[in-house]
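Listing of upload-v9.txt; format and content: compact mmCIF, C-alpha atoms.
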```
# COMPACT_ATOMS: atom_id res chain seq x y z
CA MET J 24 -20.20 -13.04 -6.56
CA LYS J 25 -20.01 -15.83 -9.12
CA PRO J 26 -16.67 -16.57 -10.78
CA GLY J 27 -16.38 -14.85 -14.13
CA SER J 28 -18.91 -12.14 -13.32
CA SER J 29 -18.26 -8.53 -14.19
CA ALA J 30 -15.66 -6.54 -12.27
CA HIS J 31 -18.22 -3.76 -12.11
CA ASN J 32 -20.43 -5.83 -9.84
CA ARG J 33 -20.80 -3.79 -6.68
CA THR J 34 -20.42 -6.61 -4.16
CA ILE J 35 -17.19 -7.76 -2.57
CA ARG J 36 -16.46 -10.49 -0.05
CA LYS J 37 -16.02 -9.45 3.59
CA PRO J 38 -12.52 -10.74 4.41
CA SER J 39 -11.14 -11.37 7.88
CA ASP J 40 -9.00 -8.73 9.60
CA VAL J 41 -5.89 -10.86 8.95
CA GLU J 42 -6.71 -11.04 5.23
CA ILE J 43 -7.32 -7.30 5.05
CA ALA J 44 -4.01 -6.60 6.81
CA TRP J 45 -2.12 -8.99 4.49
CA PHE J 46 -3.69 -7.40 1.41
CA ALA J 47 -2.98 -3.88 2.69
CA GLY J 48 0.70 -4.68 3.23
CA PHE J 49 1.02 -6.27 -0.21
CA PHE J 50 -0.92 -3.43 -1.85
CA ASP J 51 1.10 -0.78 0.01
CA GLY J 52 4.30 -2.17 -1.47
CA GLU J 53 3.21 -3.41 -4.89
CA GLY J 54 -0.10 -1.73 -5.74
CA SER J 55 -1.24 1.42 -7.50
CA ILE J 56 -4.22 3.73 -7.18
CA PHE J 57 -5.53 5.46 -10.27
CA ILE J 58 -8.25 7.91 -11.17
CA SER J 59 -8.40 6.98 -14.83
CA PRO J 60 -10.01 8.92 -17.68
CA ARG J 61 -11.97 7.04 -20.32
CA LYS J 62 -13.00 8.70 -23.54
CA ARG J 63 -16.15 7.64 -25.33
CA VAL J 64 -17.29 8.76 -28.75
CA THR J 65 -20.97 8.84 -29.67
CA ILE J 66 -21.23 7.16 -33.05
CA LEU J 67 -23.84 9.43 -34.63
CA SER J 68 -22.74 12.83 -33.35
CA GLN J 69 -19.03 12.03 -32.86
CA HIS J 70 -19.35 13.77 -29.47
CA VAL J 71 -16.41 12.87 -27.19
CA THR J 72 -17.13 12.43 -23.49
CA THR J 73 -14.52 11.78 -20.83
CA THR J 74 -15.51 9.99 -17.65
CA TYR J 75 -13.25 9.20 -14.71
CA HIS J 76 -13.05 5.92 -12.79
CA LEU J 77 -11.33 4.74 -9.63
CA ARG J 78 -9.02 1.79 -10.23
CA LEU J 79 -6.71 -0.31 -8.05
CA SER J 80 -3.99 -2.41 -9.64
CA ILE J 81 -1.24 -4.76 -8.49
CA ALA J 82 1.30 -6.15 -10.98
CA ASN J 83 3.70 -8.90 -9.98
CA THR J 84 5.58 -11.89 -11.36
CA ASP J 85 4.03 -14.22 -8.74
CA PRO J 86 0.57 -15.28 -9.94
CA ALA J 87 -0.20 -17.03 -6.63
CA ALA J 88 0.00 -13.75 -4.68
CA LEU J 89 -2.32 -12.01 -7.14
CA ALA J 90 -4.75 -14.94 -7.17
CA LYS J 91 -4.87 -14.57 -3.37
CA CYS J 92 -5.81 -10.88 -3.80
CA LYS J 93 -8.74 -11.88 -6.00
CA ASP J 94 -9.77 -14.61 -3.55
CA ILE J 95 -9.59 -12.30 -0.53
CA TRP J 96 -12.15 -9.89 -2.00
CA ASP J 97 -13.84 -12.20 -4.52
CA ALA J 98 -13.59 -9.14 -6.74
CA GLY J 99 -11.63 -7.67 -9.59
CA HIS J 100 -9.85 -9.23 -12.54
CA PHE J 101 -6.75 -11.41 -12.35
CA MET J 102 -4.94 -11.91 -15.65
CA GLN J 103 -1.59 -12.28 -17.30
CA HIS J 104 -0.11 -8.91 -18.19
CA ASP J 105 0.11 -8.13 -21.89
CA GLY J 106 2.43 -11.13 -22.33
CA LYS J 107 5.34 -9.07 -23.54
CA THR J 108 8.52 -8.72 -21.55
CA LYS J 109 10.78 -5.73 -22.04
CA LYS J 110 13.97 -7.76 -21.91
CA PRO J 111 14.70 -11.42 -22.58
CA ASN J 112 15.69 -12.04 -18.95
CA HIS J 113 12.40 -10.58 -17.57
CA ARG J 114 9.72 -12.96 -16.35
CA LEU J 115 6.08 -12.79 -17.34
CA SER J 116 4.00 -10.60 -15.09
CA TRP J 117 0.44 -10.82 -13.86
CA VAL J 118 -2.01 -8.14 -12.79
CA TRP J 119 -5.01 -7.90 -10.47
CA ARG J 120 -7.38 -4.95 -10.96
CA ALA J 121 -10.52 -3.69 -9.26
CA GLU J 122 -12.53 -0.73 -10.50
CA THR J 123 -15.24 1.73 -9.53
CA VAL J 124 -17.43 0.72 -6.56
CA GLN J 125 -15.39 -2.40 -5.77
CA ALA J 126 -12.17 -0.35 -5.72
CA ALA J 127 -13.71 2.21 -3.35
CA LYS J 128 -15.00 -0.50 -0.97
CA ILE J 129 -11.59 -2.18 -0.92
CA LEU J 130 -9.79 1.14 -0.28
CA TYR J 131 -12.12 1.94 2.62
CA ALA J 132 -11.43 -1.49 4.13
CA VAL J 133 -7.63 -1.26 3.88
CA LEU J 134 -7.25 2.46 4.66
CA PRO J 135 -6.45 1.98 8.39
CA TYR J 136 -3.56 -0.35 7.45
CA LEU J 137 -2.00 1.70 4.63
CA VAL J 138 1.24 3.57 5.20
CA THR J 139 2.91 4.55 1.92
CA LYS J 140 -0.31 4.73 -0.11
CA ARG J 141 -2.45 6.27 2.61
CA LEU J 142 -2.38 9.82 1.27
CA GLN J 143 -3.18 8.62 -2.26
CA ALA J 144 -6.07 6.55 -0.88
CA GLU J 145 -7.43 9.49 1.12
CA ILE J 146 -7.39 11.79 -1.91
CA ALA J 147 -8.96 9.12 -4.14
CA LEU J 148 -11.70 8.37 -1.58
CA SER J 149 -12.41 12.08 -1.02
CA TRP J 150 -12.82 12.41 -4.79
CA TRP J 151 -15.03 9.29 -4.84
CA ASP J 152 -17.27 10.64 -2.06
CA GLU J 153 -17.51 14.06 -3.70
CA ARG J 154 -18.34 12.41 -7.01
CA ALA J 155 -21.28 10.56 -5.42
CA LYS J 156 -22.90 13.90 -4.50
CA ARG J 157 -23.10 15.04 -8.12
CA PRO J 158 -26.47 15.19 -9.81
CA ALA J 159 -27.01 12.50 -12.44
CA VAL J 160 -27.02 14.05 -15.89
CA GLY J 161 -26.74 12.78 -19.42
CA ARG J 162 -23.38 12.68 -21.15
CA LYS J 163 -24.09 15.80 -23.22
CA MET J 164 -25.27 17.71 -20.15
CA ARG J 165 -22.12 17.16 -18.06
CA ASP J 166 -20.88 20.17 -16.17
CA LEU J 167 -17.38 21.08 -17.35
CA ALA J 168 -16.48 22.09 -13.78
CA TRP J 169 -16.78 18.42 -12.77
CA ASP J 170 -14.33 17.47 -15.50
CA GLU J 171 -11.85 19.96 -14.08
CA ILE J 172 -12.28 18.57 -10.57
CA ASP J 173 -11.86 15.00 -11.88
CA GLU J 174 -8.67 15.88 -13.74
CA THR J 175 -7.27 17.76 -10.74
CA ALA J 176 -7.90 14.74 -8.49
CA ARG J 177 -6.33 12.42 -11.07
CA LEU J 178 -3.20 14.57 -11.18
CA ALA J 179 -2.99 14.78 -7.36
CA VAL J 180 -3.10 10.98 -7.00
CA SER J 181 -0.65 10.60 -9.87
CA LYS J 182 1.84 13.05 -8.31
CA MET J 183 1.95 10.93 -5.17
CA LYS J 184 3.52 8.13 -7.22
CA HIS J 185 6.57 10.32 -7.82
CA ARG J 186 9.25 10.67 -5.22
CA GLY J 187 10.01 13.93 -3.55
CA VAL J 188 8.83 16.20 -0.77
CA ASP J 189 7.44 18.79 -3.20
CA ASN J 190 4.94 16.29 -4.62
CA PHE J 191 3.91 15.29 -1.09
CA LYS J 192 3.39 18.91 -0.01
CA GLU J 193 1.48 19.70 -3.20
CA ALA J 194 -0.87 16.78 -2.59
CA LEU J 195 -1.45 17.91 1.02
CA LEU J 196 -2.63 21.27 -0.33
CA HIS J 197 -5.09 19.60 -2.71
CA PRO J 198 -8.67 20.74 -1.93
CA LEU J 199 -10.04 17.18 -1.87
CA TYR J 200 -7.44 16.17 0.70
CA SER J 201 -8.16 19.26 2.79
CA ALA J 202 -11.89 18.43 2.66
CA SER J 203 -11.23 14.92 3.98
CA GLY J 204 -10.45 16.39 7.39
CA VAL J 205 -7.35 14.21 7.84
CA LYS J 206 -4.28 16.10 9.02
CA VAL J 207 -0.83 14.78 8.20
CA THR J 208 2.44 16.61 8.78
CA PRO J 209 5.27 15.64 6.40
```

Would it be possible to restate this file's structure as structure tokens?
Amino acid sequence: MKPGSSAHNRTIRKPSDVEIAWFAGFFDGEGSIFISPRKRVTILSQHVTTTYHLRLSIANTDPAALAKCKDIWDAGHFMQHDGKTKKPNHRLSWVWRAETVQAAKILYAVLPYLVTKRLQAEIALSWWDERAKRPAVGRKMRDLAWDEIDETARLAVSKMKHRGVDNFKEALLHPLYSASGVKVTP
């Protein structure tokens, strides 16, 4: 992929096993997995449509580490965070993000190495795979049942970011996780 090309480009670089393991360890400690809603409004009809997207993100104060993430995959965006610090003694932060197909390909590659984010990744990838089976329809023709499934998956991944055994058990009971066939005992 050429530098500066769109993050939605479907190709990623094939990194070495060492690079994948390094990224997985860094991502496991510093990264986040999101199933993010995006609302779009049709200008003429003012019809609001919500679509959901897979997104990976790592924020850190060390730009060199995040630049390495971008270089490993030759994918995603690397940029300075919003430039605002919450307190005067806070340093500027940087963020690397990958979305949609690139995010799914990266998650599949690092899944065997993940520990703390493994369950989130499994739920997100189960959702991603299920999403690929849906029939293509226009925005106005979307099935509301899909929206409910998308929102349920988003909430399951989000709950895994919160500490506590109850959130872990609730995520294990999630239908997308159960469909993945992976068995984990807390």

Find the spatial neighbours of Val133 in chain J, counting all atoms listed in the file, within a cut-off of 8 Å - ignore same-chain residues fewer than 5 positions away - and output them as a list in words. Ile43, Ala44, Phe46 and Ala47 of chain J

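In terms of minimum interatomic distance to Arg177 in chain J, J:Pro60 ranks closest within J:Pro60, J:Pro135, J:Gly48, J:Pro158, counting only C-alpha atoms.
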
Mind giving me the axis-aligned box for range 167-178 of chain J with 5 Å on every side, centre plus edges in Å to one decimal, as JSON?
```
{"center_x": -10.3, "center_y": 17.3, "center_z": -12.9, "size_x": 24.2, "size_y": 19.7, "size_z": 18.9}
```

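With only C-alpha atoms taken into account, every residue lying no more than 6 Å from the file point (-8.6, -2.1, -11.0) is included here: Arg78, Leu79, Ser80, Arg120, Ala121 and Glu122 of chain J.
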
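With distances restricted to all atoms listed in the file, J:His76 is the closest residue to Ala127 in chain J from J:Lys140, J:Arg63, J:His76, J:Arg36.
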
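The shortest atom-to-atom distance to Val41 in chain J, with only C-alpha atoms taken into account, belongs to J:Ile95 out of J:Ala82, J:Ile56, J:Ala88, J:Ile95.
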
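Between CA of Asn83 in chain J and CA of Lys37 in chain J the interatomic distance comes to 23.9 Å.
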
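Shortest separation to Asp97 in chain J among J:Thr73, J:Thr34, J:Thr65, J:Ser39 occurs at residue J:Thr34, atoms counted being all atoms listed in the file.
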
As a list in words, please: the residues near Trp96 in chain J (cut-off 6 Å, all atoms listed in the file, same-chain neighbours under 2 positions excluded).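 Counting all atoms listed in the file, the residues come to Ile35, Arg36, Lys93, Asp94 and Ala98 of chain J.
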
To one decimal place in Å, what is the distance between CA of Leu178 in chain J and CA of Arg141 in chain J? 16.1 Å

Between CA of Tyr136 in chain J and CA of Glu174 in chain J, what is the distance, to one decimal in Å?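 Taking CA of Tyr136 in chain J as the start and CA of Glu174 in chain J as the end point, the length is 27.2 Å.
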
Distance criterion (all atoms listed in the file): nearest to Leu137 in chain J out of J:Leu115, J:Glu53, J:Ile172, J:Ser181: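 Distance minimum relative to Leu137 in chain J lands on J:Glu53.
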
Can you sort out range 58-69 of chain J so it carries all heavy atoms, written as a PDB file, in the coordinates of the input?
```pdb
ATOM      1  N   ILE J  58      -6.996   7.322 -10.727  1.00  0.00           N
ATOM      2  CA  ILE J  58      -8.250   7.910 -11.170  1.00  0.00           C
ATOM      3  C   ILE J  58      -8.053   8.036 -12.667  1.00  0.00           C
ATOM      4  O   ILE J  58      -7.283   8.864 -13.138  1.00  0.00           O
ATOM      5  CB  ILE J  58      -8.527   9.266 -10.494  1.00  0.00           C
ATOM      6  CG1 ILE J  58      -8.668   9.077  -8.987  1.00  0.00           C
ATOM      7  CG2 ILE J  58      -9.770   9.909 -11.093  1.00  0.00           C
ATOM      8  CD1 ILE J  58      -8.805  10.366  -8.195  1.00  0.00           C
ATOM      9  N   SER J  59      -8.700   7.146 -13.409  1.00  0.00           N
ATOM     10  CA  SER J  59      -8.400   6.980 -14.830  1.00  0.00           C
ATOM     11  C   SER J  59      -9.474   7.604 -15.719  1.00  0.00           C
ATOM     12  O   SER J  59     -10.662   7.347 -15.525  1.00  0.00           O
ATOM     13  CB  SER J  59      -8.327   5.492 -15.183  1.00  0.00           C
ATOM     14  OG  SER J  59      -7.362   4.853 -14.404  1.00  0.00           O
ATOM     15  N   PRO J  60      -9.040   8.387 -16.708  1.00  0.00           N
ATOM     16  CA  PRO J  60     -10.010   8.920 -17.680  1.00  0.00           C
ATOM     17  C   PRO J  60     -10.323   7.880 -18.750  1.00  0.00           C
ATOM     18  O   PRO J  60      -9.469   7.077 -19.126  1.00  0.00           O
ATOM     19  CB  PRO J  60      -9.269  10.112 -18.280  1.00  0.00           C
ATOM     20  CG  PRO J  60      -7.826   9.777 -18.151  1.00  0.00           C
ATOM     21  CD  PRO J  60      -7.692   8.920 -16.925  1.00  0.00           C
ATOM     22  N   ARG J  61     -11.555   7.871 -19.184  1.00  0.00           N
ATOM     23  CA  ARG J  61     -11.970   7.040 -20.320  1.00  0.00           C
ATOM     24  C   ARG J  61     -12.740   7.917 -21.280  1.00  0.00           C
ATOM     25  O   ARG J  61     -13.687   8.591 -20.878  1.00  0.00           O
ATOM     26  CB  ARG J  61     -12.900   5.907 -19.863  1.00  0.00           C
ATOM     27  CG  ARG J  61     -12.213   4.850 -19.077  1.00  0.00           C
ATOM     28  CD  ARG J  61     -13.178   3.710 -18.810  1.00  0.00           C
ATOM     29  NE  ARG J  61     -12.563   2.802 -17.856  1.00  0.00           N
ATOM     30  CZ  ARG J  61     -13.231   1.982 -17.083  1.00  0.00           C
ATOM     31  NH1 ARG J  61     -14.538   1.929 -17.148  1.00  0.00           N
ATOM     32  NH2 ARG J  61     -12.605   1.192 -16.252  1.00  0.00           N
ATOM     33  N   LYS J  62     -12.307   7.907 -22.517  1.00  0.00           N
ATOM     34  CA  LYS J  62     -13.000   8.700 -23.540  1.00  0.00           C
ATOM     35  C   LYS J  62     -13.949   7.810 -24.312  1.00  0.00           C
ATOM     36  O   LYS J  62     -13.607   6.698 -24.694  1.00  0.00           O
ATOM     37  CB  LYS J  62     -11.993   9.343 -24.481  1.00  0.00           C
ATOM     38  CG  LYS J  62     -11.155  10.367 -23.768  1.00  0.00           C
ATOM     39  CD  LYS J  62     -10.302  11.160 -24.709  1.00  0.00           C
ATOM     40  CE  LYS J  62      -9.467  12.085 -23.845  1.00  0.00           C
ATOM     41  NZ  LYS J  62      -9.244  13.344 -24.382  1.00  0.00           N
ATOM     42  N   ARG J  63     -15.139   8.343 -24.542  1.00  0.00           N
ATOM     43  CA  ARG J  63     -16.150   7.640 -25.330  1.00  0.00           C
ATOM     44  C   ARG J  63     -16.616   8.566 -26.438  1.00  0.00           C
ATOM     45  O   ARG J  63     -16.795   9.755 -26.225  1.00  0.00           O
ATOM     46  CB  ARG J  63     -17.332   7.248 -24.461  1.00  0.00           C
ATOM     47  CG  ARG J  63     -16.956   6.263 -23.394  1.00  0.00           C
ATOM     48  CD  ARG J  63     -18.139   5.860 -22.583  1.00  0.00           C
ATOM     49  NE  ARG J  63     -17.700   4.897 -21.578  1.00  0.00           N
ATOM     50  CZ  ARG J  63     -18.469   4.417 -20.656  1.00  0.00           C
ATOM     51  NH1 ARG J  63     -19.724   4.784 -20.591  1.00  0.00           N
ATOM     52  NH2 ARG J  63     -18.010   3.556 -19.791  1.00  0.00           N
ATOM     53  N   VAL J  64     -16.829   7.991 -27.605  1.00  0.00           N
ATOM     54  CA  VAL J  64     -17.290   8.760 -28.750  1.00  0.00           C
ATOM     55  C   VAL J  64     -18.676   8.265 -29.132  1.00  0.00           C
ATOM     56  O   VAL J  64     -18.877   7.067 -29.350  1.00  0.00           O
ATOM     57  CB  VAL J  64     -16.334   8.620 -29.955  1.00  0.00           C
ATOM     58  CG1 VAL J  64     -16.842   9.411 -31.141  1.00  0.00           C
ATOM     59  CG2 VAL J  64     -14.927   9.045 -29.572  1.00  0.00           C
ATOM     60  N   THR J  65     -19.641   9.183 -29.208  1.00  0.00           N
ATOM     61  CA  THR J  65     -20.970   8.840 -29.670  1.00  0.00           C
ATOM     62  C   THR J  65     -20.901   8.636 -31.174  1.00  0.00           C
ATOM     63  O   THR J  65     -20.388   9.494 -31.891  1.00  0.00           O
ATOM     64  CB  THR J  65     -21.965   9.965 -29.329  1.00  0.00           C
ATOM     65  OG1 THR J  65     -21.858  10.256 -27.951  1.00  0.00           O
ATOM     66  CG2 THR J  65     -23.386   9.574 -29.678  1.00  0.00           C
ATOM     67  N   ILE J  66     -21.386   7.523 -31.645  1.00  0.00           N
ATOM     68  CA  ILE J  66     -21.230   7.160 -33.050  1.00  0.00           C
ATOM     69  C   ILE J  66     -21.899   8.167 -33.979  1.00  0.00           C
ATOM     70  O   ILE J  66     -21.285   8.618 -34.945  1.00  0.00           O
ATOM     71  CB  ILE J  66     -21.788   5.736 -33.308  1.00  0.00           C
ATOM     72  CG1 ILE J  66     -20.934   4.726 -32.534  1.00  0.00           C
ATOM     73  CG2 ILE J  66     -21.806   5.414 -34.795  1.00  0.00           C
ATOM     74  CD1 ILE J  66     -21.476   3.326 -32.540  1.00  0.00           C
ATOM     75  N   LEU J  67     -23.129   8.541 -33.708  1.00  0.00           N
ATOM     76  CA  LEU J  67     -23.840   9.430 -34.630  1.00  0.00           C
ATOM     77  C   LEU J  67     -23.316  10.857 -34.603  1.00  0.00           C
ATOM     78  O   LEU J  67     -23.077  11.462 -35.645  1.00  0.00           O
ATOM     79  CB  LEU J  67     -25.339   9.414 -34.330  1.00  0.00           C
ATOM     80  CG  LEU J  67     -26.035   8.080 -34.583  1.00  0.00           C
ATOM     81  CD1 LEU J  67     -27.484   8.147 -34.131  1.00  0.00           C
ATOM     82  CD2 LEU J  67     -25.945   7.717 -36.054  1.00  0.00           C
ATOM     83  N   SER J  68     -23.136  11.419 -33.434  1.00  0.00           N
ATOM     84  CA  SER J  68     -22.740  12.830 -33.350  1.00  0.00           C
ATOM     85  C   SER J  68     -21.235  13.038 -33.259  1.00  0.00           C
ATOM     86  O   SER J  68     -20.764  14.161 -33.338  1.00  0.00           O
ATOM     87  CB  SER J  68     -23.400  13.489 -32.145  1.00  0.00           C
ATOM     88  OG  SER J  68     -22.869  12.944 -30.950  1.00  0.00           O
ATOM     89  N   GLN J  69     -20.475  11.954 -33.052  1.00  0.00           N
ATOM     90  CA  GLN J  69     -19.030  12.030 -32.860  1.00  0.00           C
ATOM     91  C   GLN J  69     -18.661  12.902 -31.652  1.00  0.00           C
ATOM     92  O   GLN J  69     -17.582  13.471 -31.591  1.00  0.00           O
ATOM     93  CB  GLN J  69     -18.335  12.550 -34.134  1.00  0.00           C
ATOM     94  CG  GLN J  69     -18.474  11.615 -35.316  1.00  0.00           C
ATOM     95  CD  GLN J  69     -17.869  10.248 -35.028  1.00  0.00           C
ATOM     96  OE1 GLN J  69     -16.728  10.149 -34.642  1.00  0.00           O
ATOM     97  NE2 GLN J  69     -18.656   9.198 -35.207  1.00  0.00           N
TER      98      GLN J  69
END
```
